[in-house]
file data.cif (mmCIF, C-alpha atoms (C1' of nucleotides))
data_start
#
loop_
_atom_site.group_PDB
_atom_site.id
_atom_site.type_symbol
_atom_site.label_atom_id
_atom_site.label_comp_id
_atom_site.auth_asym_id
_atom_site.auth_seq_id
_atom_site.Cartn_x
_atom_site.Cartn_y
_atom_site.Cartn_z
ATOM 1 C CA MET E 1114 1.872 -1.132 15.854
ATOM 2 C CA GLN E 1115 -0.025 -0.378 12.640
ATOM 3 C CA THR E 1116 -3.577 -1.201 13.522
ATOM 4 C CA TYR E 1117 -6.460 -1.106 11.074
ATOM 5 C CA GLN E 1118 -4.506 -3.031 8.513
ATOM 6 C CA ASN E 1119 -6.390 -5.320 6.154
ATOM 7 C CA LEU E 1120 -9.978 -4.294 5.534
ATOM 8 C CA THR E 1121 -9.091 -1.883 2.757
ATOM 9 C CA MET E 1122 -7.247 1.112 4.035
ATOM 10 C CA PRO E 1123 -7.092 3.568 1.160
ATOM 11 C CA THR E 1124 -4.047 5.780 1.017
ATOM 12 C CA SER E 1125 -4.507 9.497 1.016
ATOM 13 C CA ASP E 1126 -2.841 10.832 -2.073
ATOM 14 C CA SER E 1127 -5.638 13.316 -2.295
ATOM 15 C CA LEU E 1128 -4.939 15.035 1.003
ATOM 16 C CA PRO E 1129 -3.406 18.487 0.791
ATOM 17 C CA GLN E 1130 0.269 18.712 1.516
ATOM 18 C CA THR E 1131 0.156 21.724 3.787
ATOM 19 C CA VAL E 1132 2.667 23.802 5.612
ATOM 20 C CA LEU E 1133 5.704 21.610 5.380
ATOM 21 C CA THR E 1134 8.324 21.336 2.770
ATOM 22 C CA PRO E 1135 10.254 18.579 4.501
ATOM 23 C CA LEU E 1136 13.272 20.432 5.821
ATOM 24 C CA GLY E 1137 14.463 21.029 2.329
ATOM 25 C CA GLY E 1138 14.743 24.782 2.348
ATOM 26 C CA LEU E 1139 15.997 25.164 5.890
ATOM 27 C CA SER E 1140 19.446 26.311 6.919
ATOM 28 C CA GLN E 1141 21.372 24.477 9.645
ATOM 29 C CA SER E 1142 20.682 27.245 12.172
ATOM 30 C CA GLN E 1143 16.996 27.003 11.389
ATOM 31 C CA VAL E 1144 17.043 23.248 11.855
ATOM 32 C CA ASP E 1145 18.753 23.688 15.217
ATOM 33 C CA ASP E 1146 16.232 26.258 16.404
ATOM 34 C CA PRO E 1147 14.176 24.505 19.112
ATOM 35 C CA THR E 1148 11.175 26.747 18.554
ATOM 36 C CA LEU E 1149 11.130 26.008 14.856
ATOM 37 C CA LYS E 1150 11.685 22.339 15.571
ATOM 38 C CA ARG E 1151 8.662 22.305 17.809
ATOM 39 C CA THR E 1152 6.548 24.179 15.282
ATOM 40 C CA ILE E 1153 7.445 21.650 12.632
ATOM 41 C CA ARG E 1154 6.812 18.728 14.922
ATOM 42 C CA LEU E 1155 3.404 20.046 15.914
ATOM 43 C CA ALA E 1156 2.433 20.679 12.320
ATOM 44 C CA LYS E 1157 3.496 17.181 11.301
ATOM 45 C CA ASN E 1158 1.667 15.653 14.208
ATOM 46 C CA ARG E 1159 -1.430 17.680 13.372
ATOM 47 C CA GLU E 1160 -1.472 16.229 9.908
ATOM 48 C CA ALA E 1161 -0.712 12.766 11.217
ATOM 49 C CA ALA E 1162 -3.647 12.991 13.598
ATOM 50 C CA GLN E 1163 -5.959 14.070 10.794
ATOM 51 C CA GLU E 1164 -4.857 11.175 8.649
ATOM 52 C CA CYS E 1165 -5.132 8.767 11.527
ATOM 53 C CA ARG E 1166 -8.700 9.836 12.211
ATOM 54 C CA ARG E 1167 -9.611 9.601 8.566
ATOM 55 C CA LYS E 1168 -8.279 6.046 8.436
ATOM 56 C CA LYS E 1169 -10.079 5.121 11.601
ATOM 57 C CA LYS E 1170 -13.383 6.355 10.202
ATOM 58 C CA GLU E 1171 -12.809 4.416 7.013
ATOM 59 C CA TYR E 1172 -11.982 1.329 9.019
ATOM 60 C CA ILE E 1173 -15.159 1.646 11.057
ATOM 61 C CA LYS E 1174 -17.163 2.043 7.847
ATOM 62 C CA CYS E 1175 -15.624 -1.178 6.570
ATOM 63 C CA LEU E 1176 -16.475 -2.977 9.776
ATOM 64 C CA GLU E 1177 -20.041 -1.724 9.693
ATOM 65 C CA SER E 1178 -20.623 -2.842 6.152
ATOM 66 C CA ARG E 1179 -19.087 -6.213 7.000
ATOM 67 C CA VAL E 1180 -21.472 -6.536 9.919
ATOM 68 C CA ALA E 1181 -24.371 -5.829 7.584
ATOM 69 C CA VAL E 1182 -23.216 -8.515 5.161
ATOM 70 C CA LEU E 1183 -22.745 -11.083 7.913
ATOM 71 C CA GLU E 1184 -26.145 -10.309 9.398
ATOM 72 C CA ASN E 1185 -27.763 -10.908 6.048
ATOM 73 C CA GLN E 1186 -25.851 -14.163 5.622
ATOM 74 C CA ASN E 1187 -26.922 -15.209 9.063
ATOM 75 C CA LEU E 1188 -30.575 -14.534 8.308
ATOM 76 C CA ALA E 1189 -30.329 -16.476 5.079
ATOM 77 C CA LEU E 1190 -28.755 -19.439 6.849
ATOM 78 C CA ILE E 1191 -31.399 -19.410 9.559
ATOM 79 C CA LYS E 1192 -34.059 -19.386 6.887
ATOM 80 C CA GLU E 1193 -32.410 -22.266 5.066
ATOM 81 C CA LEU E 1194 -32.100 -24.237 8.279
ATOM 82 C CA ARG E 1195 -35.790 -23.764 9.004
ATOM 83 C CA SER E 1196 -36.777 -25.063 5.605
ATOM 84 C CA PHE E 1197 -34.564 -28.122 6.090
ATOM 85 C CA LYS E 1198 -36.168 -28.734 9.440
ATOM 86 C CA ASP E 1199 -39.627 -28.420 7.930
ATOM 87 C CA LEU E 1200 -38.683 -30.885 5.247
ATOM 88 C CA HIS E 1201 -37.459 -33.298 7.867
ATOM 89 C CA CYS E 1202 -40.729 -33.014 9.803
ATOM 90 C CA VAL E 1203 -42.758 -33.768 6.696
ATOM 91 C CA LYS E 1204 -40.753 -36.918 6.079
ATOM 92 C CA THR E 1205 -40.856 -38.221 9.606
ATOM 93 C CA GLY E 1206 -44.104 -36.773 10.807
ATOM 94 C "C1'" DA X 1352 -34.041 33.779 25.530
ATOM 95 C "C1'" DC X 1353 -31.167 31.040 28.423
ATOM 96 C "C1'" DC X 1354 -29.009 27.063 30.069
ATOM 97 C "C1'" DT X 1355 -27.683 22.095 29.764
ATOM 98 C "C1'" DT X 1356 -26.439 18.059 27.502
ATOM 99 C "C1'" DC X 1357 -24.669 15.476 23.653
ATOM 100 C "C1'" DG X 1358 -21.976 14.370 19.745
ATOM 101 C "C1'" DC X 1359 -18.393 15.655 16.755
ATOM 102 C "C1'" DC X 1360 -14.035 17.647 15.420
ATOM 103 C "C1'" DC X 1361 -9.540 19.440 16.369
ATOM 104 C "C1'" DG X 1362 -4.876 20.157 18.417
ATOM 105 C "C1'" DT X 1363 -1.718 18.468 21.561
ATOM 106 C "C1'" DC X 1364 0.782 15.219 24.477
ATOM 107 C "C1'" DA X 1365 2.574 10.743 25.699
ATOM 108 C "C1'" DG X 1366 4.066 6.400 24.625
ATOM 109 C "C1'" DC X 1367 5.193 2.615 21.586
ATOM 110 C "C1'" DG X 1368 7.524 0.313 17.835
ATOM 111 C "C1'" DG X 1369 10.158 0.322 13.574
ATOM 112 C "C1'" DA X 1370 14.023 2.327 11.005
ATOM 113 C "C1'" DT X 1371 18.598 4.146 10.913
ATOM 114 C "C1'" DA B 694 20.683 5.629 21.140
ATOM 115 C "C1'" DT B 695 18.062 8.582 18.501
ATOM 116 C "C1'" DC B 696 14.580 9.879 15.278
ATOM 117 C "C1'" DC B 697 10.097 9.616 13.389
ATOM 118 C "C1'" DG B 698 5.401 8.145 12.403
ATOM 119 C "C1'" DC B 699 1.170 6.341 14.306
ATOM 120 C "C1'" DT B 700 -2.410 6.276 17.550
ATOM 121 C "C1'" DG B 701 -4.884 6.409 22.236
ATOM 122 C "C1'" DA B 702 -6.151 9.742 25.562
ATOM 123 C "C1'" DC B 703 -7.324 14.232 27.030
ATOM 124 C "C1'" DG B 704 -9.296 18.756 27.017
ATOM 125 C "C1'" DG B 705 -11.513 22.544 24.613
ATOM 126 C "C1'" DG B 706 -14.568 24.682 21.057
ATOM 127 C "C1'" DC B 707 -18.855 24.533 18.502
ATOM 128 C "C1'" DG B 708 -23.447 23.627 16.767
ATOM 129 C "C1'" DA B 709 -27.895 21.062 17.445
ATOM 130 C "C1'" DA B 710 -31.542 19.506 20.266
ATOM 131 C "C1'" DG B 711 -34.258 19.570 24.253
ATOM 132 C "C1'" DG B 712 -35.894 21.399 28.745
ATOM 133 C "C1'" DT B 713 -37.062 25.604 31.696
#

call {"tool": "encode", "arguments": {"input": "data.cif", "output": "structure tokens"}}
result
Amino acid sequence: MQTYQNLTMPTSDSLPQTVLTPLGGLSQSQVDDPTLKRTIRLAKNREAAQECRRKKKEYIKCLESRVAVLENQNLALIKELRSFKDLHCVKTG
DNA sequence: ACCTTCGCCCGTCAGCGGAT
DNA sequence: ATCCGCTGACGGGCGAAGGT
């Protein structure tokens, strides 16, 4: 998958590393505990969802600013086209 | 003061695709 | 085949704004 690529997706070094020390300090019996497994999975997914939403917002910001740029370019081109047309009318008219 | 509606955020689940 | 991360979808909570 990996959507939102291109269009500057900043990485999130700054985000807090909460809750999870990645299975480092866990005994085998702890790792096998389904309840603990679920807790860990939920916590990881919670963080993943937060990051995903942050990236999506950033992506939308990028798109919006790109729209603004393109709209300005479009206006400028329309303006230029008009002036060329005017020039042409003067010559032929 | 009390609803009601709207927009936003969050946590969770489900499903997909890549990595092993 | 299994694990894991990412992301769309869903439902719930909360505050703001507007109507009664």

call {"tool": "resolve_selection", "arguments": {"input": "data.cif", "expression": "the PyMOL selection byres ((chain E) within 9 of (chain X))", "output": "PDB file with C-alpha atoms, in the coordinates of the input"}}
result
ATOM      1  CA  MET E1114       1.872  -1.132  15.854  1.00  0.00           C
ATOM      2  CA  LEU E1155       3.404  20.046  15.914  1.00  0.00           C
ATOM      3  CA  ASN E1158       1.667  15.653  14.208  1.00  0.00           C
ATOM      4  CA  ARG E1159      -1.430  17.680  13.372  1.00  0.00           C
ATOM      5  CA  ALA E1162      -3.647  12.991  13.598  1.00  0.00           C
ATOM      6  CA  GLN E1163      -5.959  14.070  10.794  1.00  0.00           C
TER       7      GLN E1163
END

call {"tool": "atom_distance", "arguments": {"input": "data.cif", "atom1": "CA of Leu1176 in chain E", "atom2": "CA of Leu1188 in chain E"}}
result
18.3 Å

call {"tool": "interface_residues", "arguments": {"input": "data.cif", "of": "chain B", "to": "chain E", "cutoff": "12 Å", "atoms": "only C-alpha atoms (C1' of nucleotides)", "output": "count of residues only"}}
result
6
